[in-house]
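Here is coords_19.tsv, consisting of TSV, C-alpha atoms:
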```tsv
chain	number	residue	atom	x	y	z
O	1	MET	CA	345.07	238.18	-17.65
O	2	SER	CA	341.45	237.62	-17.41
O	3	ARG	CA	338.75	239.97	-18.47
O	4	ASN	CA	335.33	239.92	-16.97
O	5	GLU	CA	332.50	241.44	-18.83
O	6	ILE	CA	330.29	243.48	-16.59
O	7	PRO	CA	326.75	244.00	-17.87
O	8	ARG	CA	325.16	247.37	-17.55
O	9	THR	CA	322.29	245.87	-15.59
O	10	GLY	CA	323.11	246.31	-11.93
O	11	MET	CA	322.85	243.61	-9.32
O	12	THR	CA	320.26	245.61	-7.43
O	13	GLU	CA	318.01	245.85	-10.46
O	14	SER	CA	318.57	242.18	-11.20
O	15	ILE	CA	317.58	241.02	-7.75
O	16	LEU	CA	314.82	243.48	-6.98
O	17	LEU	CA	313.19	243.78	-10.37
O	18	GLN	CA	314.27	241.43	-13.10
O	19	LEU	CA	314.35	238.21	-11.10
O	20	PRO	CA	310.97	238.72	-9.39
O	21	LEU	CA	309.35	239.75	-12.67
O	22	ARG	CA	310.79	236.72	-14.44
O	23	VAL	CA	309.57	234.36	-11.74
O	24	LEU	CA	306.17	236.04	-11.58
O	25	LEU	CA	305.55	236.18	-15.32
O	26	GLY	CA	307.07	232.79	-16.01
O	27	GLY	CA	305.17	231.32	-13.07
O	28	VAL	CA	301.87	232.60	-14.41
O	29	PHE	CA	302.45	230.83	-17.72
O	30	VAL	CA	303.73	227.63	-16.12
O	31	TYR	CA	300.62	227.62	-13.93
O	32	ALA	CA	298.40	228.18	-16.98
O	33	ALA	CA	300.08	225.30	-18.80
O	34	TYR	CA	299.88	223.07	-15.72
O	35	ASN	CA	296.10	223.48	-15.71
O	36	LYS	CA	295.68	223.05	-19.46
O	37	ILE	CA	297.91	220.09	-20.28
O	38	PRO	CA	295.83	217.50	-18.37
O	39	ALA	CA	292.60	218.87	-19.91
O	40	ILE	CA	293.33	219.28	-23.61
O	41	GLN	CA	289.76	218.32	-24.57
O	42	SER	CA	288.36	221.17	-22.49
O	43	PHE	CA	290.93	223.60	-23.85
O	44	ALA	CA	290.10	222.59	-27.43
O	45	GLU	CA	286.41	223.16	-26.68
O	46	ALA	CA	287.29	226.57	-25.25
O	47	ILE	CA	289.24	227.53	-28.38
O	48	LYS	CA	286.31	226.35	-30.48
O	49	GLY	CA	284.01	228.51	-28.35
O	50	PHE	CA	285.99	231.62	-29.27
O	51	GLN	CA	284.71	231.13	-32.84
O	52	ILE	CA	287.78	232.72	-34.40
O	53	VAL	CA	287.91	230.00	-37.06
O	54	ASP	CA	285.15	227.78	-38.36
O	55	SER	CA	285.25	224.67	-36.21
O	56	GLU	CA	283.73	222.54	-38.96
O	57	THR	CA	286.40	223.27	-41.57
O	58	HIS	CA	289.36	224.00	-39.27
O	59	SER	CA	288.90	221.48	-36.50
O	60	GLY	CA	292.42	220.15	-37.09
O	61	LEU	CA	293.86	223.63	-36.56
O	62	ILE	CA	291.95	224.02	-33.29
O	63	VAL	CA	293.11	220.63	-32.00
O	64	MET	CA	296.71	221.40	-32.98
O	65	ALA	CA	296.55	224.74	-31.16
O	66	ALA	CA	295.09	223.00	-28.12
O	67	PHE	CA	298.11	220.68	-27.95
O	68	VAL	CA	300.83	223.22	-28.84
O	69	ILE	CA	299.83	226.36	-26.90
O	70	PRO	CA	300.07	224.83	-23.39
O	71	TRP	CA	303.50	223.37	-24.16
O	72	PHE	CA	304.62	226.70	-25.56
O	73	GLU	CA	303.47	228.37	-22.34
O	74	LEU	CA	305.28	225.79	-20.23
O	75	ILE	CA	308.58	225.96	-22.12
O	76	ALA	CA	308.63	229.75	-22.42
O	77	GLY	CA	307.59	230.15	-18.79
O	78	LEU	CA	310.34	227.83	-17.51
O	79	MET	CA	312.95	229.51	-19.72
O	80	LEU	CA	311.93	232.88	-18.36
O	81	ILE	CA	312.10	231.71	-14.74
O	82	VAL	CA	315.61	230.28	-15.05
O	83	GLY	CA	316.73	233.07	-17.36
O	84	PHE	CA	317.76	230.89	-20.28
O	85	ARG	CA	317.33	232.65	-23.63
O	86	ALA	CA	315.11	234.90	-21.58
O	87	ARG	CA	314.60	237.57	-24.21
O	88	SER	CA	313.37	234.95	-26.68
O	89	ALA	CA	311.02	233.61	-24.04
O	90	ALA	CA	309.78	237.11	-23.25
O	91	LEU	CA	309.19	237.77	-26.93
O	92	GLY	CA	307.25	234.52	-27.26
O	93	ILE	CA	305.14	235.30	-24.21
O	94	GLY	CA	304.54	238.81	-25.49
O	95	LEU	CA	303.32	237.53	-28.85
O	96	LEU	CA	301.13	234.97	-27.10
O	97	LEU	CA	299.62	237.66	-24.88
O	98	ALA	CA	298.95	239.83	-27.94
O	99	ALA	CA	297.22	236.89	-29.63
O	100	PHE	CA	295.16	236.22	-26.50
O	101	ILE	CA	294.12	239.89	-26.31
O	102	TYR	CA	293.06	239.78	-29.96
O	103	ALA	CA	291.02	236.61	-29.33
O	104	LEU	CA	289.39	238.10	-26.25
O	105	LEU	CA	288.46	241.28	-28.10
O	106	HIS	CA	287.04	239.17	-30.93
O	107	VAL	CA	284.79	237.37	-28.45
O	108	ILE	CA	283.72	240.60	-26.77
O	109	PHE	CA	282.90	242.49	-29.96
O	110	THR	CA	281.14	239.57	-31.64
O	111	ASP	CA	279.06	239.05	-28.50
O	112	VAL	CA	279.91	235.38	-28.23
O	113	ASP	CA	279.42	233.64	-24.91
O	114	ALA	CA	282.75	231.90	-24.39
O	115	ASP	CA	284.83	230.58	-21.54
O	116	CYS	CA	288.33	231.97	-21.21
O	117	SER	CA	289.96	228.73	-20.04
O	118	CYS	CA	293.05	230.90	-19.63
O	119	PHE	CA	294.09	228.82	-16.62
O	120	GLY	CA	292.15	225.67	-17.33
O	121	ASP	CA	289.28	225.40	-14.88
O	122	GLN	CA	290.95	227.87	-12.52
O	123	ASN	CA	290.31	231.58	-12.51
O	124	MET	CA	292.95	234.18	-11.75
O	125	ILE	CA	291.45	237.49	-10.68
O	126	CYS	CA	288.80	237.39	-13.41
O	127	GLY	CA	285.82	235.10	-13.81
O	128	SER	CA	285.65	232.28	-16.29
O	129	THR	CA	283.46	234.02	-18.85
O	130	VAL	CA	285.34	236.21	-21.29
O	131	GLY	CA	285.09	239.92	-20.54
O	132	TRP	CA	287.11	243.12	-20.26
O	133	CYS	CA	288.74	241.85	-17.06
O	134	GLN	CA	290.76	239.29	-19.02
O	135	VAL	CA	291.79	241.94	-21.56
O	136	ILE	CA	293.04	244.24	-18.79
O	137	ARG	CA	294.81	241.36	-17.04
O	138	ASN	CA	296.66	240.34	-20.18
O	139	THR	CA	297.52	243.96	-20.97
O	140	VAL	CA	298.97	244.34	-17.48
O	141	LEU	CA	301.04	241.20	-18.04
O	142	LEU	CA	302.43	242.78	-21.19
O	143	VAL	CA	304.18	245.46	-19.12
O	144	PRO	CA	306.74	243.18	-17.40
O	145	THR	CA	307.06	241.25	-20.66
O	146	VAL	CA	308.15	244.34	-22.57
O	147	TYR	CA	310.41	245.37	-19.70
O	148	LEU	CA	312.19	241.99	-19.68
O	149	LEU	CA	312.46	242.07	-23.45
O	150	TRP	CA	314.10	245.47	-23.17
O	151	ARG	CA	316.35	244.95	-20.14
O	152	GLY	CA	317.02	241.24	-20.41
O	153	PRO	CA	317.03	238.65	-17.62
O	154	GLY	CA	319.55	240.41	-15.39
O	155	ARG	CA	322.59	239.01	-13.69
O	156	VAL	CA	320.83	236.26	-11.75
O	157	SER	CA	320.12	234.08	-14.76
O	158	LEU	CA	321.45	231.15	-16.74
O	159	ASP	CA	322.18	233.51	-19.62
O	160	GLN	CA	324.67	235.25	-17.35
O	161	ILE	CA	326.20	232.00	-16.12
O	162	PHE	CA	326.65	230.73	-19.67
O	163	GLY	CA	328.38	233.97	-20.60
O	164	LYS	CA	325.66	235.59	-22.61
O	165	THR	CA	326.23	239.08	-21.31
O	166	GLU	CA	323.58	241.61	-21.87
O	167	GLN	CA	324.08	244.24	-24.48
O	168	ILE	CA	321.69	247.02	-23.82
O	169	PRO	CA	321.61	250.53	-25.24
O	170	ALA	CA	323.96	252.72	-23.27
O	171	GLU	CA	321.63	255.60	-23.93
O	172	PRO	CA	318.33	255.73	-25.68
O	173	GLY	CA	318.80	255.88	-29.41
O	174	LYS	CA	322.40	254.74	-29.42
O	175	ALA	CA	323.82	251.43	-30.54
O	176	THR	CA	324.11	248.52	-28.12
O	177	GLN	CA	327.24	248.56	-26.03
O	178	THR	CA	328.98	246.01	-23.86
O	179	ILE	CA	331.15	247.39	-21.12
O	180	THR	CA	334.24	245.36	-20.25
O	181	TYR	CA	336.31	245.60	-17.13
O	182	ASP	CA	339.94	244.59	-16.96
O	183	VAL	CA	340.35	243.15	-13.47
O	184	ASP	CA	344.13	242.53	-13.60
O	185	ALA	CA	344.97	245.95	-14.96
O	186	ASP	CA	342.87	247.57	-12.32
O	187	ALA	CA	344.60	245.52	-9.63
O	188	SER	CA	348.11	246.51	-10.85
O	189	ARG	CA	347.18	250.18	-10.81
O	190	ALA	CA	346.11	249.80	-7.23
Q	1	MET	CA	322.74	240.19	-34.55
Q	2	ARG	CA	320.85	240.52	-31.30
Q	3	CYS	CA	317.53	240.30	-33.14
Q	4	MET	CA	318.71	237.17	-34.94
Q	5	GLN	CA	319.59	235.53	-31.63
Q	6	ILE	CA	316.24	236.41	-30.09
Q	7	THR	CA	314.36	235.22	-33.19
Q	8	SER	CA	316.25	231.96	-33.37
Q	9	GLY	CA	315.55	231.39	-29.70
Q	10	LEU	CA	311.85	232.02	-30.29
Q	11	LEU	CA	311.81	229.58	-33.19
Q	12	SER	CA	313.46	227.01	-30.95
Q	13	ILE	CA	310.69	227.44	-28.37
Q	14	ILE	CA	308.03	227.07	-31.07
Q	15	GLY	CA	309.74	223.97	-32.42
Q	16	ALA	CA	309.99	222.43	-28.97
Q	17	ALA	CA	306.32	223.21	-28.30
Q	18	PHE	CA	305.31	221.49	-31.54
Q	19	LEU	CA	307.50	218.50	-30.67
Q	20	PHE	CA	306.07	218.08	-27.18
Q	21	GLY	CA	302.57	218.80	-28.44
Q	22	THR	CA	302.88	216.12	-31.12
Q	23	VAL	CA	304.16	213.53	-28.66
Q	24	HIS	CA	301.36	214.50	-26.28
Q	25	ALA	CA	298.79	214.10	-29.06
Q	26	LEU	CA	300.15	210.65	-29.87
Q	27	ILE	CA	299.92	209.34	-26.32
Q	28	ALA	CA	296.78	211.21	-25.17
Q	29	LYS	CA	293.16	210.37	-25.80
Q	30	PRO	CA	291.95	211.72	-29.15
Q	31	VAL	CA	290.46	215.20	-28.91
Q	32	ASP	CA	287.04	215.48	-30.51
Q	33	ILE	CA	285.40	218.81	-31.21
Q	34	SER	CA	283.20	217.66	-34.07
Q	35	LYS	CA	279.51	218.37	-34.22
Q	36	VAL	CA	277.56	215.94	-32.09
Q	37	ASP	CA	275.53	213.34	-33.93
Q	38	LEU	CA	272.60	212.94	-31.61
Q	39	GLY	CA	271.06	209.90	-33.29
Q	40	ASP	CA	267.44	208.92	-33.78
Q	41	ALA	CA	265.21	211.95	-33.51
Q	42	ASN	CA	262.03	209.91	-33.23
Q	43	LYS	CA	263.02	207.87	-30.25
Q	44	PRO	CA	260.30	207.92	-27.56
Q	45	VAL	CA	260.92	209.98	-24.49
Q	46	VAL	CA	262.63	207.93	-21.81
Q	47	GLY	CA	263.13	209.19	-18.33
Q	48	ALA	CA	261.70	208.98	-14.89
Q	49	GLU	CA	258.10	209.51	-13.90
Q	50	PRO	CA	256.08	212.59	-14.82
Q	51	ARG	CA	256.71	215.44	-12.44
Q	52	VAL	CA	255.09	218.64	-11.29
Q	53	PRO	CA	256.82	221.67	-9.83
Q	54	LYS	CA	257.63	221.65	-6.18
Q	55	THR	CA	255.71	224.10	-4.07
Q	56	ASP	CA	257.20	227.55	-3.71
Q	57	ALA	CA	257.93	226.89	-0.08
Q	58	SER	CA	260.14	223.97	-0.93
Q	59	LYS	CA	262.19	225.80	-3.53
Q	60	GLY	CA	265.83	225.89	-2.71
Q	61	THR	CA	265.46	223.55	0.21
Q	62	GLU	CA	264.71	220.18	-1.28
Q	63	THR	CA	267.31	218.13	-2.98
Q	64	PRO	CA	266.57	216.31	-6.21
Q	65	PRO	CA	265.70	212.68	-5.66
Q	66	GLU	CA	268.03	209.96	-6.80
Q	67	ASN	CA	266.16	209.25	-10.00
Q	68	GLY	CA	265.29	212.86	-10.70
Q	69	VAL	CA	261.70	212.39	-9.51
Q	70	ASP	CA	260.05	214.01	-6.56
Q	71	GLU	CA	258.20	211.20	-4.81
Q	72	THR	CA	255.58	213.59	-3.55
Q	73	SER	CA	254.91	214.84	-7.02
Q	74	ILE	CA	253.82	211.43	-8.21
Q	75	ASP	CA	251.00	211.49	-5.71
Q	76	GLU	CA	249.64	214.74	-7.09
Q	77	PRO	CA	246.34	214.57	-8.95
Q	78	ALA	CA	246.91	213.40	-12.49
Q	79	GLU	CA	244.88	216.20	-14.00
Q	80	GLN	CA	247.50	218.71	-12.90
Q	81	VAL	CA	250.06	217.10	-15.14
Q	82	VAL	CA	249.96	217.61	-18.86
Q	83	ILE	CA	251.68	214.64	-20.38
Q	84	LYS	CA	252.20	214.28	-24.06
Q	85	THR	CA	252.87	210.93	-25.65
Q	86	PRO	CA	255.96	210.63	-27.82
Q	87	GLU	CA	253.72	210.64	-30.88
Q	88	GLU	CA	252.25	213.96	-29.84
Q	89	MET	CA	255.64	215.54	-29.45
Q	90	PRO	CA	256.75	217.56	-32.43
Q	91	THR	CA	259.59	215.77	-34.14
Q	92	ASP	CA	261.66	218.93	-34.24
Q	93	ALA	CA	261.65	218.85	-30.45
Q	94	ARG	CA	264.48	216.35	-30.76
Q	95	ILE	CA	267.94	217.19	-31.91
Q	96	ASP	CA	267.98	216.49	-35.59
Q	97	GLU	CA	270.30	217.86	-38.20
Q	98	ASN	CA	267.44	217.95	-40.68
Q	99	ALA	CA	264.86	219.42	-38.38
Q	100	SER	CA	263.52	222.87	-39.05
Q	101	GLY	CA	262.80	224.90	-35.96
Q	102	ILE	CA	259.30	226.23	-35.48
Q	103	ASP	CA	260.54	228.87	-33.11
Q	104	ALA	CA	262.95	231.25	-34.76
Q	105	SER	CA	264.20	232.45	-31.42
Q	106	VAL	CA	266.22	229.30	-30.84
Q	107	PRO	CA	268.97	227.81	-32.99
Q	108	GLU	CA	267.85	225.21	-35.49
Q	109	GLY	CA	267.59	221.72	-34.07
Q	110	THR	CA	267.31	222.85	-30.47
Q	111	LEU	CA	264.31	222.81	-28.16
Q	112	THR	CA	262.09	225.79	-27.68
Q	113	LEU	CA	261.17	226.79	-24.19
Q	114	GLN	CA	257.73	225.15	-24.37
Q	115	GLN	CA	259.14	221.94	-25.79
Q	116	SER	CA	261.71	221.86	-23.01
Q	117	TYR	CA	259.08	222.36	-20.35
Q	118	ASP	CA	256.94	219.61	-21.87
Q	119	LEU	CA	259.88	217.24	-21.63
Q	120	TRP	CA	260.54	218.39	-18.08
Q	121	GLU	CA	256.98	217.52	-17.14
Q	122	GLN	CA	257.34	214.10	-18.71
Q	123	GLY	CA	260.30	213.38	-16.49
Q	124	ALA	CA	263.21	213.84	-18.86
Q	125	TYR	CA	266.55	214.37	-17.15
Q	126	PHE	CA	267.85	217.94	-17.26
Q	127	VAL	CA	271.56	218.74	-17.22
Q	128	ASP	CA	272.96	222.19	-16.48
Q	129	ALA	CA	276.19	222.86	-18.40
Q	130	ARG	CA	276.88	226.31	-16.97
Q	131	HIS	CA	279.42	227.26	-14.32
Q	132	GLU	CA	279.03	225.89	-10.83
Q	133	HIS	CA	278.39	229.28	-9.23
Q	134	GLU	CA	275.64	229.92	-11.77
Q	135	PHE	CA	274.13	226.51	-11.01
Q	136	GLU	CA	274.21	227.17	-7.28
Q	137	ALA	CA	272.58	230.56	-7.73
Q	138	GLY	CA	269.67	228.95	-9.51
Q	139	HIS	CA	268.91	226.09	-11.86
Q	140	ILE	CA	266.01	224.21	-13.38
Q	141	GLU	CA	264.32	222.07	-10.79
Q	142	TYR	CA	265.82	218.57	-10.55
Q	143	ALA	CA	268.63	219.46	-12.94
Q	144	PHE	CA	272.09	217.98	-12.50
Q	145	TRP	CA	275.24	220.06	-12.86
Q	146	LEU	CA	277.51	218.56	-15.49
Q	147	PRO	CA	279.73	220.88	-17.54
Q	148	SER	CA	282.03	219.11	-19.98
Q	149	THR	CA	285.11	220.38	-18.14
Q	150	LEU	CA	284.10	218.36	-15.07
Q	151	PHE	CA	285.13	215.19	-16.91
Q	152	ASP	CA	288.70	216.55	-16.99
Q	153	THR	CA	288.89	218.27	-13.65
Q	154	ASP	CA	286.93	215.88	-11.42
Q	155	SER	CA	285.94	212.80	-13.35
Q	156	ASP	CA	284.67	210.99	-10.23
Q	157	ARG	CA	282.16	213.75	-9.66
Q	158	ALA	CA	281.21	213.79	-13.34
Q	159	PHE	CA	280.59	210.06	-13.50
Q	160	ALA	CA	278.66	210.19	-10.23
Q	161	VAL	CA	276.16	212.32	-12.13
Q	162	VAL	CA	276.34	210.13	-15.22
Q	163	ASP	CA	275.57	207.06	-13.12
Q	164	ARG	CA	272.30	208.64	-11.99
Q	165	MET	CA	270.94	208.69	-15.54
Q	166	PRO	CA	270.23	205.55	-17.58
Q	167	PRO	CA	272.09	205.65	-20.92
Q	168	ASP	CA	268.83	205.33	-22.84
Q	169	ALA	CA	267.15	208.15	-20.92
Q	170	THR	CA	266.06	211.39	-22.54
Q	171	VAL	CA	268.52	214.03	-21.42
Q	172	VAL	CA	267.93	217.73	-22.03
Q	173	ILE	CA	271.03	219.88	-21.72
Q	174	TYR	CA	270.94	223.61	-21.24
Q	175	CYS	CA	273.28	226.52	-20.62
Q	176	VAL	CA	272.76	230.23	-21.11
Q	177	GLY	CA	271.15	229.62	-24.49
Q	178	GLY	CA	271.68	231.01	-27.93
Q	179	GLU	CA	275.23	230.51	-29.15
Q	180	CYS	CA	276.34	228.91	-25.90
Q	181	ASP	CA	278.69	226.04	-26.69
Q	182	ALA	CA	278.61	224.45	-23.25
Q	183	SER	CA	275.50	222.33	-23.94
Q	184	HIS	CA	277.01	220.92	-27.11
Q	185	ASN	CA	280.27	220.12	-25.31
Q	186	THR	CA	278.45	218.23	-22.57
Q	187	ALA	CA	276.30	216.46	-25.17
Q	188	ARG	CA	279.47	215.33	-26.95
Q	189	ARG	CA	280.87	213.83	-23.76
Q	190	LEU	CA	277.59	212.07	-22.94
Q	191	LYS	CA	277.38	210.78	-26.50
Q	192	GLN	CA	280.89	209.34	-26.17
Q	193	ILE	CA	279.86	207.61	-22.96
Q	194	GLY	CA	276.90	206.00	-24.65
Q	195	PHE	CA	273.84	208.19	-24.13
Q	196	SER	CA	271.52	207.87	-27.07
Q	197	ASP	CA	268.75	210.43	-26.61
Q	198	LEU	CA	270.33	213.83	-26.09
Q	199	ARG	CA	268.49	217.07	-26.74
Q	200	ILE	CA	269.61	220.64	-26.33
Q	201	MET	CA	267.48	223.46	-25.01
Q	202	GLY	CA	267.95	226.37	-27.38
Q	203	ALA	CA	266.48	228.82	-24.93
Q	204	GLY	CA	268.67	229.72	-22.00
Q	205	TYR	CA	268.20	229.44	-18.28
Q	206	ASP	CA	267.21	233.11	-18.02
Q	207	ASP	CA	264.38	232.47	-20.51
Q	208	TRP	CA	263.23	229.57	-18.35
Q	209	VAL	CA	263.19	231.85	-15.29
Q	210	ALA	CA	261.41	234.62	-17.18
Q	211	ALA	CA	258.70	232.16	-18.21
Q	212	GLY	CA	258.08	231.34	-14.57
Q	213	PHE	CA	258.99	227.69	-14.92
Q	214	PRO	CA	260.19	225.86	-11.79
Q	215	THR	CA	263.67	226.54	-10.51
Q	216	GLU	CA	265.59	225.89	-7.34
Q	217	GLU	CA	268.79	227.04	-5.72
Q	218	GLY	CA	271.72	225.25	-4.16
Q	219	GLY	CA	274.45	222.89	-5.15
Q	220	GLN	CA	274.32	219.40	-6.46
Q	221	PRO	CA	273.51	216.73	-3.85
```
structure tokens encoding of this file:
Amino acid sequence: MSRNEIPRTGMTESILLQLPLRVLLGGVFVYAAYNKIPAIQSFAEAIKGFQIVDSETHSGLIVMAAFVIPWFELIAGLMLIVGFRARSAALGIGLLLAAFIYALLHVIFTDVDADCSCFGDQNMICGSTVGWCQVIRNTVLLVPTVYLLWRGPGRVSLDQIFGKTEQIPAEPGKATQTITYDVDADASRA
Amino acid sequence: MRCMQITSGLLSIIGAAFLFGTVHALIAKPVDISKVDLGDANKPVVGAEPRVPKTDASKGTETPPENGVDETSIDEPAEQVVIKTPEEMPTDARIDENASGIDASVPEGTLTLQQSYDLWEQGAYFVDARHEHEFEAGHIEYAFWLPSTLFDTDSDRAFAVVDRMPPDATVVIYCVGGECDASHNTARRLKQIGFSDLRIMGAGYDDWVAAGFPTEEGGQP
């Protein structure tokens, strides 16, 4: 007798919402990494321009961030697209977005003239100079991130193929619950 | 349990990013964000010939000549051109870590607006480190567009500009002024290439425009 675990997330939601959001959000970060990885020097200069840390005393930290952040974006973005450890990827992207928003606000409130370099030399919606547009854009990106962190990758994902069924709250405030469905028993009743 | 799984997955992503980033750092060109050492502050001004502003009618229509000099401007009467010898130039007009600025409105070690204009008149090369759309909207007459990012995104185009300036020439780099980092980033790249006389205009392009100094519109030829 085999037992198939049926996640609470429906196929409709998976196909119409979770999959497109994963591809969209993951694609944005893969695109950002694609533009940054060949231009690490420019990205390091952009981080330096944010003036969050003293570039004279913490130049090593800035260079390390310039090498690690694009690869983090690429790995997390790809994991989100294929739905592998998708909640971890969504959490990572969410934390990265929060850090970016903090950095952008720091630049805005300290009146520093800095380039975003969010997508390398490319601009997505906003201009290249840091402003409120980038803050709003990143805040908007947080919405699908939180949704995917809450609902998981859906049924069309590697997590599902590898048997990592989703365990989501059956009702708000209650403990997580996995619903199982006994196929053979149901067939014998019929 | 669920939180532990998500956290461990996140740590795995961070670890992988550090691993790939480290390998990338080992095989890539070294990244340099250190302060630019701009060398001898007392080096005489080297550039093209002295220049005068184009006429108003020509603004935005002429393209900068190959060597940064307007041929017609050389034929202008000499008395219209105020040329200072290198000895007459204030030493703090050059980038020098030890220099003390005489104009408090610009960061220490950078050129004031008047010093920049004096160098412009003497034929020093001017480099605009702002964004391309800003350059196209208006830039200092004869200036080249060369942001540091161009070396990464379109190196052929960047080196086409570099090839138009002799390495020993006096190059003045400007952006929006003040705390703008773009000039310093371009100066660092030019220093790495071998340029020896780099100076940074502490005042921004808007200050140049407000002073009524010559500007022109359009892209880079």
Practice task
Measure the distance from CA of Tyr125 (chain Q) to CA of Ser196 (chain Q) in Å and round it to one decimal.
Solution key: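 So the two atoms, CA of Tyr125 (chain Q) and CA of Ser196 (chain Q), lie 12.9 Å apart.
Using all atoms listed in the file, the nearest neighbour of chain Q within the list O:Ile125, O:Ile15, O:Val140, O:Met64 is O:Met64.
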Exercise for the section: Kindly determine which residues of chain O lie within 6 Å of chain Q, considering only C-alpha atoms, and give the answer as a PyMOL selection string. Expected result: chain O and resi 39+41-42+67-68+71-72+88+113
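When CA of Ala76 (chain O) is paired with CA of Ile93 (chain O), their separation reads 6.8 Å.
Our summary of the geometry notes that CA of Asp168 (chain Q) is positioned 6.3 Å from CA of Asp197 (chain Q).
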Exercise for the section: Tell me which protein, DNA and RNA residues are within 12 Å of region 207-211 of chain Q, counting only C-alpha atoms, leaving out same-chain ones fewer than 5 positions away, and put them as a count of residues only. Expected result: 22
Handout entry: Shortest interatomic distance to Val130 (chain O) - which of O:Ala65, O:Ile47, O:Ile75, O:Ala86, counting all atoms listed in the file
Key =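 Using all atoms listed in the file, Val130 (chain O) sits closest to O:Ile47.
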Handout entry: Within 9 Å of Leu142 (chain O) using only C-alpha atoms, minus same-chain residues under 4 positions, as a PyMOL selection string
Key = chain O and resi 93-94+97-98+137-138+146-147
Practice task
Point out the residue among Q:Leu26, Q:Phe126, Q:Met1, Q:Lys191 with the least atom-to-atom distance to Arg164 (chain Q), counting all atoms listed in the file.
Solution key: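 The answer is Q:Phe126, which sits nearest to Arg164 (chain Q).
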Exercise for the section: Quick one: residues within 6 Å of (282.7, 228.4, -22.6) (file frame), counting all atoms listed in the file, please, as JSON, numbers by chain. Expected result: {"O": [46, 49, 114, 115], "Q": [182]}
